[in-house]
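Okay, so here's the structure we're looking at.
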Amino acid sequence: MSVLPAAVRAADSVLVTGPPMSGKYDLFHRLLHEWASSPIVLSTGRTAEKVRADHERITGADDDRVVVIDCMTSEREVSTDGDAATRYVASPGNLTDLGVQFTDLVEDLDAADSHAVGVDSLSQLLMYSDPERVHRFTRVLATEAANAGWPFVATLGSTMHDEEVRHALHEAFDALVETRVEDGDRQFRVRDRVDGPTDWTTF
């Protein structure tokens, strides 16, 4: 049974935001797994090997189906694990190269597989680029994913940015999931622009 409600799973784009250790990374992987047999992760803070191991640990899915654009591995050799491709970008600050690698993937991936796109995390991108540029980049990625028929999810650290930056990035997504830790329990809620937030749910 899915942890996340149907409204989140049916959204074209979802932002998962919360403080450190509140479970947003777990929800990120769970959502990608529910959406697609072969998710695509733009990883700005973890190596491709770590992303695949985490995906398998969190979801129980075969990690060799995860396609990764790796911004953390300095070694530039292209490698593959089973059916999963790995692309390398020199730094999370190189948004142009990130965009080029993603566009190449859109063209190269097998259309017979189901794909979804995830960015972990926008906070890392904001360490290198100004908020307006990250916002534009996020919108371009979300649009390109939507044009390919792929849902899109990203994570954002809620305590690392001011309200203006958070609000601007929220606007690029259809659904917003917030996470927190309360009395030792990880919880989430869904914030709707019309109806307001749902109750907090432990997961």
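Each chain in the structure tokens gets a letter, A, B, ..., in the order shown, and its residues are numbered from 1; ligands are numbered from 1 in order too.
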Near-region 17-29 of chain A list (9 Å; only C-alpha atoms; drop same-chain fewer than 5 positions) as a ChimeraX atom specification
/A:3-4,34,54-55,58-59,118-120,153-160,176-181,185-188,203
Generate a file of the selected residues that holds N, CA, C and O atoms, formatted as a tab-separated table (two decimals), in the first residue's frame.
chain	number	residue	atom	x	y	z
A	3	VAL	N	2.28	4.94	0.70
A	3	VAL	CA	2.26	5.89	1.81
A	3	VAL	C	1.63	7.20	1.36
A	3	VAL	O	0.83	7.81	2.08
A	4	LEU	N	1.96	7.64	0.15
A	4	LEU	CA	1.50	8.92	-0.34
A	4	LEU	C	0.09	8.85	-0.91
A	4	LEU	O	-0.28	7.85	-1.52
A	34	GLU	N	7.02	4.25	-7.41
A	34	GLU	CA	5.60	4.06	-7.75
A	34	GLU	C	5.29	4.57	-9.15
A	34	GLU	O	4.40	4.04	-9.83
A	54	ASP	N	20.64	3.27	-2.28
A	54	ASP	CA	19.56	3.83	-1.47
A	54	ASP	C	18.19	3.47	-2.06
A	54	ASP	O	17.25	3.16	-1.33
A	55	HIS	N	18.08	3.53	-3.38
A	55	HIS	CA	16.80	3.23	-4.02
A	55	HIS	C	16.39	1.78	-3.73
A	55	HIS	O	15.23	1.51	-3.41
A	58	ILE	N	15.40	1.48	0.07
A	58	ILE	CA	14.15	2.15	0.44
A	58	ILE	C	12.94	1.48	-0.19
A	58	ILE	O	11.89	1.35	0.43
A	59	THR	N	13.07	1.04	-1.44
A	59	THR	CA	11.91	0.54	-2.19
A	59	THR	C	11.90	-0.96	-2.38
A	59	THR	O	10.85	-1.53	-2.70
A	118	GLY	N	13.70	12.64	-11.15
A	118	GLY	CA	13.87	13.19	-9.81
A	118	GLY	C	15.13	14.01	-9.68
A	118	GLY	O	16.17	13.63	-10.24
A	119	VAL	N	15.06	15.12	-8.97
A	119	VAL	CA	16.23	15.95	-8.67
A	119	VAL	C	16.44	15.98	-7.16
A	119	VAL	O	15.57	16.43	-6.42
A	120	ASP	N	17.56	15.49	-6.71
A	120	ASP	CA	17.91	15.53	-5.30
A	120	ASP	C	19.32	16.14	-5.16
A	120	ASP	O	20.31	15.50	-5.47
A	153	VAL	N	9.80	14.93	-9.78
A	153	VAL	CA	9.83	15.20	-8.34
A	153	VAL	C	11.20	15.77	-7.99
A	153	VAL	O	12.21	15.42	-8.59
A	154	ALA	N	11.21	16.67	-6.99
A	154	ALA	CA	12.47	17.22	-6.51
A	154	ALA	C	12.39	17.38	-5.00
A	154	ALA	O	11.30	17.44	-4.42
A	155	THR	N	13.56	17.46	-4.35
A	155	THR	CA	13.62	17.71	-2.92
A	155	THR	C	14.23	19.09	-2.67
A	155	THR	O	15.02	19.60	-3.46
A	156	LEU	N	13.84	19.68	-1.52
A	156	LEU	CA	14.34	20.99	-1.12
A	156	LEU	C	14.43	21.03	0.40
A	156	LEU	O	13.47	20.66	1.08
A	157	GLY	N	15.56	21.46	0.92
A	157	GLY	CA	15.71	21.62	2.36
A	157	GLY	C	14.97	22.87	2.84
A	157	GLY	O	15.32	23.97	2.42
A	158	SER	N	13.98	22.69	3.71
A	158	SER	CA	13.14	23.83	4.09
A	158	SER	C	13.85	24.82	5.00
A	158	SER	O	13.47	25.99	5.06
A	159	THR	N	14.88	24.38	5.72
A	159	THR	CA	15.55	25.26	6.68
A	159	THR	C	16.75	25.97	6.08
A	159	THR	O	17.39	26.79	6.76
A	160	MET	N	17.05	25.70	4.81
A	160	MET	CA	18.26	26.25	4.20
A	160	MET	C	18.01	27.53	3.41
A	160	MET	O	18.96	28.18	2.98
A	176	LEU	N	2.82	19.96	-3.40
A	176	LEU	CA	3.86	20.20	-2.40
A	176	LEU	C	3.67	19.24	-1.23
A	176	LEU	O	2.59	19.19	-0.63
A	177	VAL	N	4.72	18.47	-0.91
A	177	VAL	CA	4.70	17.57	0.25
A	177	VAL	C	5.71	18.11	1.25
A	177	VAL	O	6.88	18.31	0.93
A	178	GLU	N	5.26	18.34	2.48
A	178	GLU	CA	6.13	18.83	3.54
A	178	GLU	C	6.41	17.70	4.52
A	178	GLU	O	5.52	16.90	4.84
A	179	THR	N	7.64	17.63	5.03
A	179	THR	CA	8.01	16.61	6.02
A	179	THR	C	8.50	17.28	7.29
A	179	THR	O	8.95	18.43	7.29
A	180	ARG	N	8.41	16.53	8.39
A	180	ARG	CA	8.92	17.02	9.67
A	180	ARG	C	9.18	15.82	10.57
A	180	ARG	O	8.77	14.68	10.27
A	181	VAL	N	9.83	16.06	11.70
A	181	VAL	CA	9.99	15.06	12.76
A	181	VAL	C	9.27	15.59	13.99
A	181	VAL	O	9.55	16.71	14.45
A	185	ASP	N	8.92	10.86	15.45
A	185	ASP	CA	8.26	10.24	14.29
A	185	ASP	C	8.43	11.13	13.06
A	185	ASP	O	8.27	12.36	13.15
A	186	ARG	N	8.71	10.50	11.93
A	186	ARG	CA	8.73	11.24	10.67
A	186	ARG	C	7.29	11.38	10.16
A	186	ARG	O	6.54	10.41	10.14
A	187	GLN	N	6.93	12.58	9.77
A	187	GLN	CA	5.57	12.84	9.31
A	187	GLN	C	5.59	13.66	8.03
A	187	GLN	O	6.56	14.36	7.74
A	188	PHE	N	4.49	13.56	7.27
A	188	PHE	CA	4.35	14.40	6.09
A	188	PHE	C	2.92	14.92	6.01
A	188	PHE	O	1.99	14.37	6.61
A	203	PHE	N	4.89	8.25	8.86
A	203	PHE	CA	5.30	7.21	7.90
A	203	PHE	C	6.60	6.58	8.35
A	203	PHE	O	7.30	7.10	9.20
Report as a VMD selection string: the residues of region 93-197 of chain A with a DSSP assignment of alpha helix (DSSP H), based on the backbone of this structure.
chain A and resid 95 to 108 122 to 126 131 to 147 163 to 170
From the list A:Val117, A:Glu49, A:Gly93, A:Ala145, which residue is nearest Arg133 (chain A) when using only C-alpha atoms?
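That would be A:Gly93, the residue with the smallest distance to Arg133 (chain A).
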Nearest residue to Glu107 (chain A) from the set A:Ala7, A:Val51, A:Ala148, A:Leu31 (distances using only C-alpha atoms)
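Once distances to Glu107 (chain A) are computed over only C-alpha atoms, the minimum belongs to A:Ala148.
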